[in-house]
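Engineer: Here you go, start-v5.txt (compact mmCIF, C-alpha atoms):
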# COMPACT_ATOMS: atom_id res chain seq x y z
CA MET J 154 -27.79 12.78 -2.47
CA ARG J 155 -30.61 12.72 -4.95
CA PHE J 156 -32.92 12.76 -1.95
CA LEU J 157 -31.41 16.08 -0.85
CA ALA J 158 -31.32 17.44 -4.39
CA GLN J 159 -35.08 16.88 -4.61
CA ARG J 160 -35.67 18.43 -1.18
CA PRO J 161 -33.57 21.61 -1.03
CA TYR J 162 -35.40 22.77 2.10
CA LEU J 163 -33.44 20.13 4.05
CA THR J 164 -30.05 21.60 3.21
CA LEU J 165 -30.56 24.59 5.51
CA PRO J 166 -31.09 22.64 8.77
CA LEU J 167 -28.37 20.13 7.88
CA GLY J 168 -25.90 22.86 7.07
CA GLY J 169 -26.97 24.80 10.15
CA ALA J 170 -26.27 21.77 12.31
CA GLY J 171 -22.86 21.51 10.67
CA CYS J 172 -22.11 25.15 11.47
CA ALA J 173 -23.13 24.57 15.09
CA LEU J 174 -20.79 21.58 15.35
CA LEU J 175 -17.91 23.63 13.95
CA VAL J 176 -18.56 26.32 16.56
CA LEU J 177 -18.58 23.67 19.29
CA THR J 178 -15.36 22.23 17.87
CA ALA J 179 -13.69 25.63 18.12
CA VAL J 180 -15.00 26.15 21.65
CA ARG J 181 -13.76 22.72 22.74
CA SER J 182 -10.29 23.59 21.40
CA PHE J 183 -9.94 26.20 24.12
CA ALA J 184 -10.55 23.54 26.78
CA LEU J 185 -7.53 21.41 25.84
CA SER J 186 -5.35 20.45 28.79
CA GLN J 187 -2.00 21.62 27.40
CA GLY J 188 -1.08 25.20 26.60
CA GLY J 189 -3.19 28.27 27.12
CA VAL J 190 -5.49 30.49 25.11
CA GLY J 191 -2.93 30.79 22.34
CA THR J 192 -2.80 27.02 21.92
CA GLY J 193 -6.58 26.81 21.90
CA ALA J 194 -6.76 29.50 19.21
CA PHE J 195 -4.11 27.72 17.15
CA VAL J 196 -5.91 24.37 17.33
CA ALA J 197 -9.32 25.94 16.64
CA CYS J 198 -8.02 27.80 13.59
CA ALA J 199 -6.24 24.70 12.33
CA LEU J 200 -9.34 22.52 12.63
CA LEU J 201 -11.57 25.12 10.98
CA LEU J 202 -9.07 25.51 8.13
CA LEU J 203 -8.97 21.75 7.65
CA ALA J 204 -12.77 21.66 7.57
CA ALA J 205 -12.67 24.40 4.93
CA LEU J 206 -10.14 22.34 2.98
CA ALA J 207 -12.48 19.34 3.09
CA MET J 208 -15.33 21.44 1.75
CA ALA J 209 -13.11 22.88 -0.99
CA LEU J 210 -12.07 19.37 -2.05
CA LEU J 211 -15.70 18.28 -2.17
CA ARG J 212 -16.44 21.21 -4.44
CA ARG J 213 -13.41 20.34 -6.56
CA ALA J 214 -14.73 16.79 -6.80
CA GLY J 215 -17.89 18.14 -8.39
CA LEU J 216 -20.40 18.43 -5.57
CA ARG J 217 -22.70 21.25 -6.56
CA ARG J 218 -23.20 24.31 -4.39
CA ALA J 219 -26.79 23.46 -3.52
CA LEU J 220 -25.63 20.28 -1.75
CA LEU J 221 -22.35 21.60 -0.42
CA PHE J 222 -23.97 23.33 2.56
CA ALA J 223 -25.66 20.08 3.62
CA ALA J 224 -22.31 18.28 3.31
CA LEU J 225 -21.04 20.53 6.09
CA LEU J 226 -22.77 18.29 8.64
CA PRO J 227 -20.73 15.07 8.13
CA VAL J 228 -17.54 17.12 7.68
CA ALA J 229 -18.15 19.06 10.89
CA LEU J 230 -19.05 15.87 12.75
CA ALA J 231 -15.69 14.36 11.75
CA PHE J 232 -13.79 17.29 13.28
CA PHE J 233 -16.06 17.49 16.32
CA ILE J 234 -15.17 13.88 17.14
CA ARG J 235 -11.47 14.48 16.59
CA VAL J 236 -11.18 17.50 18.89
CA PHE J 237 -12.16 15.28 21.83
CA CYS J 238 -9.30 12.91 20.94
CA LEU J 239 -6.50 15.46 20.96
CA ASP J 240 -5.68 15.30 24.68
CA HIS J 241 -5.22 11.53 24.80
CA ILE J 242 -1.63 10.41 25.39
CA THR J 243 -0.49 6.90 24.51
CA LEU J 244 2.67 5.00 25.42
CA ASP J 245 3.92 5.47 21.87
CA TYR J 246 3.75 9.22 22.34
CA GLU J 247 5.37 9.13 25.77
CA ASN J 248 8.17 6.73 24.84
CA PHE J 249 8.91 7.79 21.26
CA LEU J 250 7.17 10.77 19.63
CA SER J 251 7.50 13.19 22.54
CA VAL J 252 11.14 12.17 23.02
CA TRP J 253 11.93 12.77 19.35
CA ALA J 254 10.11 16.09 19.32
CA ALA J 255 12.00 17.20 22.45
CA PHE J 256 15.29 16.18 20.85
CA PHE J 257 14.67 18.47 17.88
CA ARG J 258 13.52 21.29 20.14
CA ASP J 259 16.65 21.01 22.30
CA ASN J 260 19.16 20.53 19.48
CA GLY J 261 18.44 23.27 16.98
CA GLY J 262 15.48 21.97 14.99
CA PHE J 263 16.55 21.14 11.46
CA ALA J 264 20.20 21.10 12.50
CA ALA J 265 19.43 17.94 14.49
CA ILE J 266 18.31 16.03 11.38
CA ALA J 267 21.88 14.81 10.95
CA GLN J 268 21.75 13.07 14.32
CA PRO J 269 20.62 9.45 14.75
CA ILE J 270 17.16 10.01 16.23
CA GLY J 271 14.04 7.87 15.92
CA ASN J 272 13.29 4.99 13.58
CA TYR J 273 11.11 6.93 11.12
CA ASN J 274 12.32 7.95 7.69
CA VAL J 275 13.47 11.54 7.10
CA PRO J 276 10.22 13.10 5.70
CA TYR J 277 8.53 12.66 9.07
CA LEU J 278 11.66 13.93 10.82
CA TYR J 279 11.41 17.12 8.75
CA PHE J 280 7.96 17.62 10.22
CA LEU J 281 9.14 17.01 13.79
CA ALA J 282 11.97 19.46 13.24
CA ALA J 283 9.58 22.05 11.83
CA ILE J 284 7.16 21.95 14.77
CA SER J 285 10.05 22.32 17.22
CA TYR J 286 10.03 26.04 16.38
CA LEU J 287 6.34 26.49 17.27
CA PRO J 288 5.16 27.63 20.72
CA VAL J 289 2.47 24.95 20.64
CA PRO J 290 2.55 21.57 22.43
CA ASP J 291 3.96 18.98 20.03
CA LEU J 292 1.14 16.56 20.97
CA TYR J 293 -1.39 18.71 19.12
CA CYS J 294 0.91 19.47 16.19
CA ILE J 295 1.57 15.77 15.64
CA LYS J 296 -2.12 14.95 15.71
CA LEU J 297 -3.13 17.90 13.51
CA PHE J 298 -0.62 16.77 10.90
CA SER J 299 -2.32 13.38 10.78
CA ILE J 300 -5.76 15.02 10.64
CA LEU J 301 -4.60 16.98 7.58
CA PHE J 302 -3.94 13.68 5.88
CA ASP J 303 -7.30 12.35 7.10
CA VAL J 304 -8.81 14.97 4.78
CA LEU J 305 -6.45 14.02 1.97
CA LEU J 306 -7.30 10.36 2.55
CA ALA J 307 -11.00 11.10 2.09
CA TRP J 308 -10.21 12.99 -1.10
CA GLY J 309 -8.06 10.11 -2.34
CA GLY J 310 -10.87 7.66 -1.69
CA ALA J 311 -13.31 9.87 -3.60
CA ARG J 312 -10.86 10.16 -6.52
CA LEU J 313 -10.36 6.41 -6.57
CA ALA J 314 -14.10 5.75 -6.52
CA ARG J 315 -14.58 8.28 -9.33
CA CYS J 316 -12.39 6.08 -11.57
CA PHE J 317 -15.24 3.55 -11.59
CA THR J 318 -18.30 5.80 -11.70
CA GLY J 319 -19.92 8.40 -13.88
CA GLU J 320 -19.70 12.13 -13.24
CA GLY J 321 -23.10 12.26 -11.55
CA ASP J 322 -22.63 9.28 -9.26
CA ALA J 323 -22.98 9.74 -5.50
CA ARG J 324 -20.61 6.98 -4.46
CA PRO J 325 -17.37 9.02 -4.54
CA TYR J 326 -18.93 11.51 -2.10
CA LEU J 327 -20.10 8.64 0.08
CA ALA J 328 -16.53 7.32 0.16
CA PHE J 329 -15.31 10.81 1.13
CA PHE J 330 -17.68 11.11 4.08
CA LEU J 331 -17.23 7.54 5.30
CA LEU J 332 -13.45 7.77 5.20
CA LEU J 333 -13.60 10.95 7.28
CA LEU J 334 -15.80 9.17 9.81
CA LEU J 335 -14.17 5.72 9.70
CA PRO J 336 -13.20 4.76 13.27
CA THR J 337 -9.68 3.41 12.66
CA PRO J 338 -8.31 6.55 10.93
CA ILE J 339 -9.77 8.68 13.73
CA LEU J 340 -8.19 6.46 16.36
CA ASN J 341 -4.91 6.17 14.45
CA GLY J 342 -4.21 9.88 14.10
CA ALA J 343 -6.33 12.11 16.34
CA TYR J 344 -6.38 9.67 19.29
CA TRP J 345 -3.19 7.63 19.00
CA GLY J 346 -0.95 10.21 17.32
CA GLN J 347 0.24 7.76 14.67
CA CYS J 348 0.83 8.71 11.05
CA ASP J 349 -0.29 5.69 9.00
CA VAL J 350 -2.83 7.92 7.30
CA ILE J 351 0.01 9.73 5.50
CA TYR J 352 1.14 6.76 3.44
CA GLY J 353 -2.46 5.55 3.24
CA ALA J 354 -3.67 8.81 1.69
CA LEU J 355 -0.75 9.05 -0.73
CA THR J 356 -1.20 5.43 -1.81
CA LEU J 357 -4.90 5.98 -2.55
CA HIS J 358 -3.97 9.02 -4.65
CA ALA J 359 -1.25 7.00 -6.40
CA LEU J 360 -3.75 4.29 -7.34
CA ALA J 361 -6.34 6.87 -8.41
CA CYS J 362 -3.76 8.58 -10.62
CA ALA J 363 -2.73 5.27 -12.19
CA LEU J 364 -6.31 4.31 -13.04
CA GLY J 365 -7.05 7.90 -14.08
CA LYS J 366 -4.28 7.86 -16.73
CA ARG J 367 -1.86 10.04 -14.81
CA PRO J 368 1.06 7.59 -14.46
CA CYS J 369 3.72 10.18 -13.64
CA TRP J 370 1.85 11.53 -10.64
CA SER J 371 1.00 7.96 -9.66
CA LEU J 372 4.65 7.00 -9.26
CA ILE J 373 5.51 10.28 -7.54
CA CYS J 374 2.73 9.80 -4.96
CA LEU J 375 3.76 6.19 -4.45
CA ALA J 376 7.40 7.14 -3.87
CA VAL J 377 6.48 9.85 -1.35
CA ALA J 378 4.20 7.37 0.43
CA PHE J 379 7.09 4.89 0.59
CA SER J 380 9.39 7.62 1.92
CA PHE J 381 7.05 8.01 4.90
CA LYS J 382 6.24 4.38 5.63
CA LEU J 383 7.67 1.03 4.64
CA GLN J 384 4.14 -0.47 4.75
CA THR J 385 3.51 1.08 1.32
CA ILE J 386 5.32 -2.01 0.06
CA PHE J 387 2.15 -4.05 0.59
CA LEU J 388 0.66 -2.41 -2.51
CA ILE J 389 3.78 -1.63 -4.54
CA PRO J 390 3.62 -5.00 -6.40
CA LEU J 391 0.39 -3.82 -8.02
CA TRP J 392 2.43 -1.33 -10.04
CA ALA J 393 4.04 -4.29 -11.81
CA ALA J 394 0.55 -5.17 -13.05
CA LEU J 395 -0.11 -1.55 -13.95
CA TRP J 396 3.08 -1.69 -16.04
CA PHE J 397 2.47 -4.91 -17.97
CA THR J 398 -1.14 -3.93 -18.61
CA GLY J 399 0.03 -0.67 -20.16
CA ARG J 400 -1.37 1.77 -17.61
CA VAL J 401 2.15 2.72 -16.57
CA LYS J 402 4.92 2.82 -19.15
CA PHE J 403 8.49 1.68 -18.62
CA ARG J 404 9.69 5.23 -19.21
CA HIS J 405 7.68 6.37 -16.19
CA LEU J 406 9.27 3.97 -13.70
CA TRP J 407 12.35 6.14 -13.11
CA LEU J 408 10.10 8.65 -11.38
CA PHE J 409 9.82 6.39 -8.33
CA PRO J 410 13.52 6.43 -7.36
CA ALA J 411 13.81 10.06 -8.49
CA ALA J 412 10.94 11.21 -6.26
CA TYR J 413 12.29 9.16 -3.35
CA ALA J 414 15.71 10.74 -3.85
CA VAL J 415 14.16 14.21 -3.68
CA THR J 416 12.63 13.39 -0.28
CA ILE J 417 16.03 12.52 1.21
CA LEU J 418 18.08 15.32 -0.37
CA PRO J 419 17.37 17.85 2.43
CA ALA J 420 18.58 15.34 5.02
CA LEU J 421 21.74 14.71 3.02
CA ALA J 422 22.29 18.48 2.72
CA LEU J 423 21.92 18.77 6.51
CA GLY J 424 24.66 16.19 7.00
CA LYS J 425 22.74 12.97 7.65
CA PRO J 426 24.71 9.97 6.33
CA LEU J 427 23.12 8.15 3.40
CA ALA J 428 23.67 4.84 5.17
CA ASP J 429 21.57 6.04 8.12
CA ILE J 430 18.72 7.07 5.80
CA LEU J 431 18.71 3.88 3.77
CA GLY J 432 19.18 1.75 6.86
CA VAL J 433 15.97 2.90 8.56
CA TYR J 434 13.75 0.36 6.81
CA VAL J 435 16.34 -2.39 7.15
CA GLY J 436 16.35 -1.77 10.87
CA GLN J 437 12.56 -1.82 11.02
CA THR J 438 12.33 -5.21 9.32
CA GLY J 439 14.53 -6.82 11.96
CA GLU J 440 13.37 -4.89 15.00
CA TYR J 441 10.65 -7.36 16.04
CA ALA J 442 11.91 -10.51 14.34
CA ASP J 443 11.45 -12.41 17.59
CA ARG J 444 7.66 -11.86 17.52
CA LEU J 445 5.26 -13.53 15.10
CA THR J 446 2.63 -10.87 15.71
CA LEU J 447 2.42 -7.61 17.65
CA ASN J 448 -1.33 -7.38 18.29
CA ALA J 449 -1.96 -7.82 14.56
CA PRO J 450 -4.98 -10.00 13.66
CA SER J 451 -2.81 -12.02 11.31
CA ILE J 452 -2.71 -15.77 10.79
CA TYR J 453 -0.41 -16.07 13.79
CA ALA J 454 -3.20 -14.86 16.06
CA LEU J 455 -4.73 -18.31 15.54
CA ILE J 456 -1.88 -19.84 17.55
CA PRO J 457 -2.91 -20.24 21.21
CA LEU J 458 -1.20 -17.80 23.55
CA GLY J 459 1.83 -19.38 25.18
CA ALA J 460 1.90 -22.34 22.79
CA GLU J 461 5.32 -23.67 21.90
CA VAL J 462 5.92 -23.42 18.16
CA ASN J 463 8.86 -23.50 15.81
CA HIS J 464 9.24 -19.75 15.51
CA ASP J 465 11.96 -19.78 12.85
CA LEU J 466 10.05 -22.19 10.62
CA LEU J 467 6.80 -20.21 10.87
CA PHE J 468 8.71 -17.00 10.22
CA VAL J 469 10.14 -18.33 6.96
CA LEU J 470 6.88 -19.99 5.90
CA GLY J 471 5.00 -16.73 6.46
CA ILE J 472 7.36 -14.76 4.26
CA LEU J 473 7.19 -17.44 1.55
CA ALA J 474 3.39 -17.49 1.74
CA ALA J 475 3.21 -13.71 1.30
CA PHE J 476 5.51 -13.94 -1.73
CA ALA J 477 3.43 -16.80 -3.14
CA LEU J 478 0.20 -14.84 -2.78
CA THR J 479 1.75 -11.82 -4.49
CA ALA J 480 3.13 -13.97 -7.30
CA ALA J 481 -0.23 -15.69 -7.80
CA VAL J 482 -2.07 -12.37 -8.08
CA LEU J 483 0.45 -10.91 -10.52
CA LEU J 484 0.63 -14.09 -12.59
CA SER J 485 -3.16 -14.24 -12.86
CA LEU J 486 -3.23 -10.66 -14.11
CA PHE J 487 -0.30 -11.24 -16.47
CA LEU J 488 -1.96 -14.22 -18.15
CA VAL J 489 -4.95 -12.04 -19.11
CA ARG J 490 -3.01 -8.77 -19.36
CA LYS J 491 -4.75 -7.74 -22.59
CA ARG J 492 -8.14 -7.99 -20.90
CA VAL J 493 -7.39 -6.74 -17.38
CA THR J 494 -9.97 -4.22 -16.23
CA ASP J 495 -9.66 -1.54 -13.59
CA GLN J 496 -12.12 -3.57 -11.52
CA MET J 497 -9.73 -6.52 -11.51
CA LEU J 498 -6.88 -4.26 -10.45
CA MET J 499 -8.95 -2.81 -7.62
CA THR J 500 -9.79 -6.29 -6.36
CA ALA J 501 -6.13 -7.28 -6.64
CA ALA J 502 -5.26 -4.22 -4.53
CA VAL J 503 -7.65 -5.39 -1.81
CA ILE J 504 -6.12 -8.88 -1.83
CA LEU J 505 -2.56 -7.55 -1.54
CA ALA J 506 -3.36 -4.95 1.13
CA LEU J 507 -5.15 -7.58 3.20
CA GLY J 508 -3.25 -10.77 2.38
CA ILE J 509 0.37 -9.66 2.64
CA PRO J 510 0.21 -8.32 6.23
CA TYR J 511 -2.05 -11.25 7.13
CA LEU J 512 0.65 -13.75 6.15
CA LEU J 513 3.82 -11.86 7.10
CA PRO J 514 5.25 -12.28 10.60
CA SER J 515 6.10 -9.40 12.95
CA MET J 516 3.15 -7.24 11.88
CA HIS J 517 1.75 -4.50 14.13
CA GLU J 518 -1.93 -3.84 14.78
CA ARG J 519 -1.85 -0.76 12.51
CA TYR J 520 -0.50 -2.55 9.43
CA PHE J 521 -3.96 -3.31 8.02
CA PHE J 522 -4.62 0.40 7.50
CA LEU J 523 -4.51 0.13 3.70
CA ALA J 524 -6.86 -2.85 3.79
CA GLU J 525 -9.33 -0.95 5.97
CA VAL J 526 -9.57 2.07 3.68
CA LEU J 527 -9.46 0.13 0.41
CA THR J 528 -12.24 -2.23 1.47
CA LEU J 529 -14.38 0.77 2.41
CA VAL J 530 -13.94 2.34 -1.03
CA TRP J 531 -14.56 -1.09 -2.55
CA ALA J 532 -17.80 -1.40 -0.58
CA CYS J 533 -18.96 2.01 -1.78
CA LEU J 534 -18.53 0.71 -5.33
CA ARG J 535 -20.07 -2.70 -4.72
CA TRP J 536 -22.78 -2.74 -2.08
CA GLU J 537 -22.55 -6.52 -1.61
CA LYS J 538 -19.02 -5.99 -0.24
CA ALA J 539 -20.23 -3.85 2.67
CA LEU J 540 -20.22 -6.87 4.99
CA GLY J 541 -16.58 -7.56 4.12
CA ALA J 542 -15.62 -3.94 4.76
CA MET J 543 -17.36 -4.03 8.13
CA ALA J 544 -15.55 -7.27 9.03
CA VAL J 545 -12.18 -5.72 8.21
CA GLN J 546 -13.03 -2.62 10.23
CA LEU J 547 -14.19 -4.71 13.20
CA ALA J 548 -10.94 -6.69 13.08
CA GLY J 549 -8.98 -3.44 12.98
CA LEU J 550 -10.88 -2.05 15.96
CA GLY J 551 -10.19 -5.23 17.90
CA ALA J 552 -6.47 -4.86 17.18
CA TYR J 553 -6.48 -1.19 18.20
CA HIS J 554 -8.34 -2.13 21.37
CA ALA J 555 -5.54 -4.50 22.34
CA TYR J 556 -3.03 -1.64 22.36
CA LEU J 557 -5.11 1.35 23.38
CA VAL J 558 -6.95 -0.40 26.22
CA LEU J 559 -4.18 -2.93 26.96
CA ARG J 560 -6.49 -5.92 26.84
CA TYR J 561 -8.04 -8.06 24.15
CA ALA J 562 -11.50 -7.14 22.97
CA PHE J 563 -12.57 -10.77 22.37
CA TYR J 564 -10.56 -13.19 24.48
CA ILE J 565 -11.48 -16.80 23.72
CA THR J 566 -10.77 -19.78 25.99
CA LEU J 567 -11.31 -23.30 24.68
CA PHE J 568 -9.99 -26.66 25.93
CA GLY J 569 -7.80 -24.84 28.42
CA LEU J 570 -6.15 -22.75 25.69
CA GLY J 571 -6.49 -19.01 25.17
CA TRP J 572 -6.61 -16.90 22.04
CA GLY J 573 -6.33 -13.13 22.19
CA MET J 574 -7.26 -12.13 18.66
CA ALA J 575 -8.51 -15.28 16.99
CA LEU J 576 -11.91 -13.79 16.16
CA GLU J 577 -10.36 -10.77 14.43
CA SER J 578 -8.00 -13.05 12.52
CA LEU J 579 -10.84 -15.29 11.36
CA LEU J 580 -12.79 -12.26 10.15
CA LEU J 581 -9.85 -11.15 8.00
CA LEU J 582 -9.29 -14.69 6.76
CA ALA J 583 -12.93 -14.97 5.70
CA VAL J 584 -12.76 -11.69 3.76
CA LEU J 585 -9.44 -12.68 2.18
CA ILE J 586 -10.77 -16.05 1.01
CA TRP J 587 -14.01 -14.51 -0.25
CA THR J 588 -12.12 -11.90 -2.25
CA ALA J 589 -9.49 -14.32 -3.57
CA VAL J 590 -12.08 -16.85 -4.73
CA GLU J 591 -13.92 -14.17 -6.65
CA PHE J 592 -10.72 -12.79 -8.13
CA PHE J 593 -9.31 -16.08 -9.34
CA ARG J 594 -12.63 -17.41 -10.64
CA ALA J 595 -14.06 -14.45 -12.54
CA PRO J 596 -13.33 -10.74 -12.97
CA PRO J 597 -15.56 -8.59 -10.73
CA HIS J 598 -17.92 -6.01 -12.12
CA PHE J 599 -18.71 -2.61 -10.67
CA SER J 600 -22.05 -1.24 -11.76
CA ARG J 601 -22.12 2.38 -12.84
CA GLY J 602 -24.75 4.39 -11.07
CA LYS J 603 -26.90 6.98 -12.79
CA GLU J 604 -27.67 9.22 -9.87
CA SER J 605 -27.06 12.85 -10.82
CA LEU J 606 -25.49 15.36 -8.48
CA SER J 607 -24.22 17.93 -10.94
As structure tokens, what does this structure read like?
Structural biologist:
Amino acid sequence: MRFLAQRPYLTLPLGGAGCALLVLTAVRSFALSQGGVGTGAFVACALLLLAALAMALLRRAGLRRALLFAALLPVALAFFIRVFCLDHITLDYENFLSVWAAFFRDNGGFAAIAQPIGNYNVPYLYFLAAISYLPVPDLYCIKLFSILFDVLLAWGGARLARCFTGEGDARPYLAFFLLLLLPTPILNGAYWGQCDVIYGALTLHALACALGKRPCWSLICLAVAFSFKLQTIFLIPLWAALWFTGRVKFRHLWLFPAAYAVTILPALALGKPLADILGVYVGQTGEYADRLTLNAPSIYALIPLGAEVNHDLLFVLGILAAFALTAAVLLSLFLVRKRVTDQMLMTAAVILALGIPYLLPSMHERYFFLAEVLTLVWACLRWEKALGAMAVQLAGLGAYHAYLVLRYAFYITLFGLGWGMALESLLLLAVLIWTAVEFFRAPPHFSRGKESLS
């Protein structure tokens, strides 16, 4: 960024290229396979508005006007890539999302909230009910909703990075751009139609608020994230450390159940039984109890395909191992609670987001989403961690490949045995060990840059 600040003549061609990409994005919207001109106009306007939101958030984050025009290029590139993903239809959309959306469309929209439909919690059902009134294919609405949170994810990453840097440091902006262009969020939302980015974005904002001395908003964001996805629980234990280190007070903790209650009140008012709402996550935990892994590059991916193992024993041991890792991290922080730094908490967040889904059974390929985005922000703060972030991203891409392409990216055969995702699992294991060794041996240090952008 300093390079551009010293060469203002470069901002014009970079910004011009960004404008051209936005025009091409809008043009491509009119070539979508579903709907007509009206749908194309809706998608084009939505994408351009989201690009404008990204630019506004960059300005809010402190990027000065002279560099803002140049920043249009990476922002526009992110949306240009996404518009080519919007037509893709996955089995998850065919078998679940489209069925749920059709149910709301055929049963009165919000009036259908009271019915037992889907296995997502009610905040996402509100969204599906809302789009049932629009004359736009639900495929695009679902993906645009996730793309909105792609922008909020990038902003959350920038806010989190800002907690460790000075006002003139370029690294928060780097985190913003890289999160917008990170392959797994693009594949997760714009291509796959999944919504992991919602809880991911809200969790990043929750952590940024906690480290930025805004504990009330931290717990509110965390509760809303949890109301969308159970996987928020991978990072929730960190708030125990934030409490006993004094960053969150006991009097603030009530905000979590209060905010969660607010998210379910509309469903209760519409007649949905409380037991159905609270039972969603219980049902999810037992839905795939017969599988040790569902294309997740977890420790169970190291078991040869088709090998006979004691499933019940491994299931219990995995849960105990995840609890043990969590307890070890929290105990280590508690023992030095008077001297815990934000850097130590950030590293603990990486360990929990990576280690818990790595050890737990019945994990899906998408459950390392928090680890993927946190390690990227971590790498922006500590350049020596870039290799670890790339390893986590490569493992995530391998897992996505297994579902989206319906075959393993790196199938290994050795001694007559086959492994579908052993390489991805070993990559995550290496990063987990590397991070844990550093965490338990000595507190990490993030250098503060002096590059000025203001």
Engineer: With stretch 302-316 of chain J as the partner and 12 Å as the cut-off, tabulate the residues of stretch 470-499 of chain J that qualify, each row holding the nearest pair of atoms and their distance in Å to one decimal, using only C-alpha atoms, sorted by chain and rising number, as CSV.
Structural biologist:
residue,atom,partner,partner_atom,distance
J:Thr494,CA,J:Cys316,CA,11.6
J:Asp495,CA,J:Cys316,CA,8.3
J:Gln496,CA,J:Cys316,CA,9.7
J:Leu498,CA,J:Cys316,CA,11.8
J:Met499,CA,J:Leu313,CA,9.4
Engineer: Calculate how many Å separate atom CA of J:Leu486 from atom CA of J:Ala359, rounding to one decimal.
Structural biologist: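 A separation of 19.4 Å between them.
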Engineer: Please report the interatomic distance between atom CA of J:Ala481 and atom CA of J:Phe593 in Å with one decimal.
Structural biologist: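 According to the coordinates, atom CA of J:Ala481 and atom CA of J:Phe593 are separated by 9.2 Å.
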Engineer: Of the candidates J:Leu513, J:Ile417, J:Met497, J:Leu220, which shows the shortest atom-to-atom distance to J:Leu447, using all atoms listed in the file?
Structural biologist: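 Nearest to J:Leu447: J:Leu513.
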Engineer: Quick one: of J:Phe256, J:Phe222, J:Phe468, J:Tyr453, who's nearest to J:Leu579, counting only C-alpha atoms?
Structural biologist: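 Of the candidates, the smallest distance to J:Leu579 is held by J:Tyr453.
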Engineer: Could you list, as a ChimeraX atom specification, every residue within 8 Å of J:Ser515, counting all atoms listed in the file and ignoring same-chain residues fewer than 2 positions away?
Structural biologist: /J:441-447,513,517
Engineer: Would you compute the distance between atom CA of J:Ala223 and atom CA of J:Thr164? Give it in Å to one decimal.
Structural biologist: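 According to the coordinates, atom CA of J:Ala223 and atom CA of J:Thr164 are separated by 4.7 Å.
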Engineer: Give me, as a tab-separated table, the closest atom pair and its distance (Å, one decimal) for every residue of stretch 320-381 of chain J within a cut-off of 10 Å of stretch 234-244 of chain J, counting all atoms listed in the file, rows sorted by chain and rising number.
Structural biologist:
residue	atom	partner	partner_atom	distance
J:Leu334	CA	J:Ile234	CA	8.7
J:Ile339	CA	J:Arg235	CA	6.7
J:Leu340	CA	J:Cys238	CA	8.0
J:Gly342	CA	J:Arg235	CA	8.9
J:Ala343	CA	J:Cys238	CA	5.5
J:Tyr344	CA	J:Cys238	CA	4.7
J:Trp345	CA	J:Thr243	CA	6.2
J:Gly346	CA	J:Thr243	CA	7.9
J:Gln347	CA	J:Thr243	CA	9.9
Engineer: Find the residues around J:Ala506 up to 8 Å (all atoms listed in the file counted), leave out those fewer than 3 positions away in its own chain, and share them as a tab-separated table (two decimals) with C-alpha atoms, keeping the file's coordinate frame.
Structural biologist:
chain	number	residue	atom	x	y	z
J	387	PHE	CA	2.15	-4.05	0.59
J	388	LEU	CA	0.66	-2.41	-2.51
J	502	ALA	CA	-5.26	-4.22	-4.53
J	503	VAL	CA	-7.65	-5.39	-1.81
J	509	ILE	CA	0.37	-9.66	2.64
J	510	PRO	CA	0.21	-8.32	6.23
J	521	PHE	CA	-3.96	-3.31	8.02
J	523	LEU	CA	-4.51	0.13	3.70
J	524	ALA	CA	-6.86	-2.85	3.79
J	527	LEU	CA	-9.46	0.13	0.41
Engineer: For the point (-5.8, 19.0, 17.7) in the file's frame, write as an MDAnalysis selection string all residues with an atom no more than 10 Å away, counting only C-alpha atoms.
Structural biologist: chainID J and resid 182 185 192:193 195:200 232 235:240 290 292:300 342:344
Engineer: Pick from J:Trp370, J:Phe257, J:Tyr434, J:Tyr511: nearest to J:Leu581, with all atoms listed in the file counted?
Structural biologist: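 Among J:Trp370, J:Phe257, J:Tyr434, J:Tyr511, it is J:Tyr511 that comes nearest to J:Leu581.
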Engineer: Go through J:Leu550, J:Leu512, J:Ala204, J:Leu458 one by one, measure the shortest atom-to-atom distance of each to J:Thr566 using only C-alpha atoms, and give the residue with the smallest value.
Structural biologist: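 Selected residue with least distance to J:Thr566: J:Leu458.
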Engineer: Write out as a list of chain:residue names which residues come within 12 Å of J:Asp429 when counting only C-alpha atoms, dropping same-chain ones fewer than 5 positions away.
Structural biologist: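 So, after excluding close chain neighbours, the residues are J:Ile266, J:Ala267, J:Gln268, J:Pro269, J:Ile270, J:Gly271, J:Asn272, J:Tyr273, J:Asn274, J:Val275, J:Ile417, J:Ala420, J:Leu421, J:Gly424, J:Tyr434, J:Val435, J:Gly436.
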Engineer: If we count only C-alpha atoms and set the cut-off at 12 Å, which residues sit around J:Ala449, ignoring sequence neighbours fewer than 5 positions away in its own chain? Please answer as a PyMOL selection string.
Structural biologist: chain J and resi 444+454-455+507+510-522+548-556+561+573-578+581
Engineer: Specify the axis-aligned box that encloses all atoms of stretch 501-512 of chain J listed in the file after padding of 3 Å on each side, stating its centre and edge lengths in Å to one decimal as AutoDock Vina command-line options.
Structural biologist:
--center_x -3.5 --center_y -9.0 --center_z 0.2 --size_x 14.3 --size_y 15.5 --size_z 19.8
Engineer: Determine the nearest neighbour of J:Gln187 from the options J:Leu372, J:Ile586, J:Ala224, J:Asp291, counting only C-alpha atoms.
Structural biologist: J:Asp291
Engineer: Considering all atoms listed in the file, can you say which of J:Gln384, J:Val482, J:Arg324, J:Leu580 comes closest to J:Val350?
Structural biologist: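 Of J:Gln384, J:Val482, J:Arg324, J:Leu580, the one nearest J:Val350, counting all atoms listed in the file, is J:Gln384.
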Engineer: Quick one: residues within 6 Å of J:Ala376, only C-alpha atoms, excluding same-chain residues fewer than 6 positions away - as a PyMOL selection string?
Structural biologist: chain J and resi 409+412-413
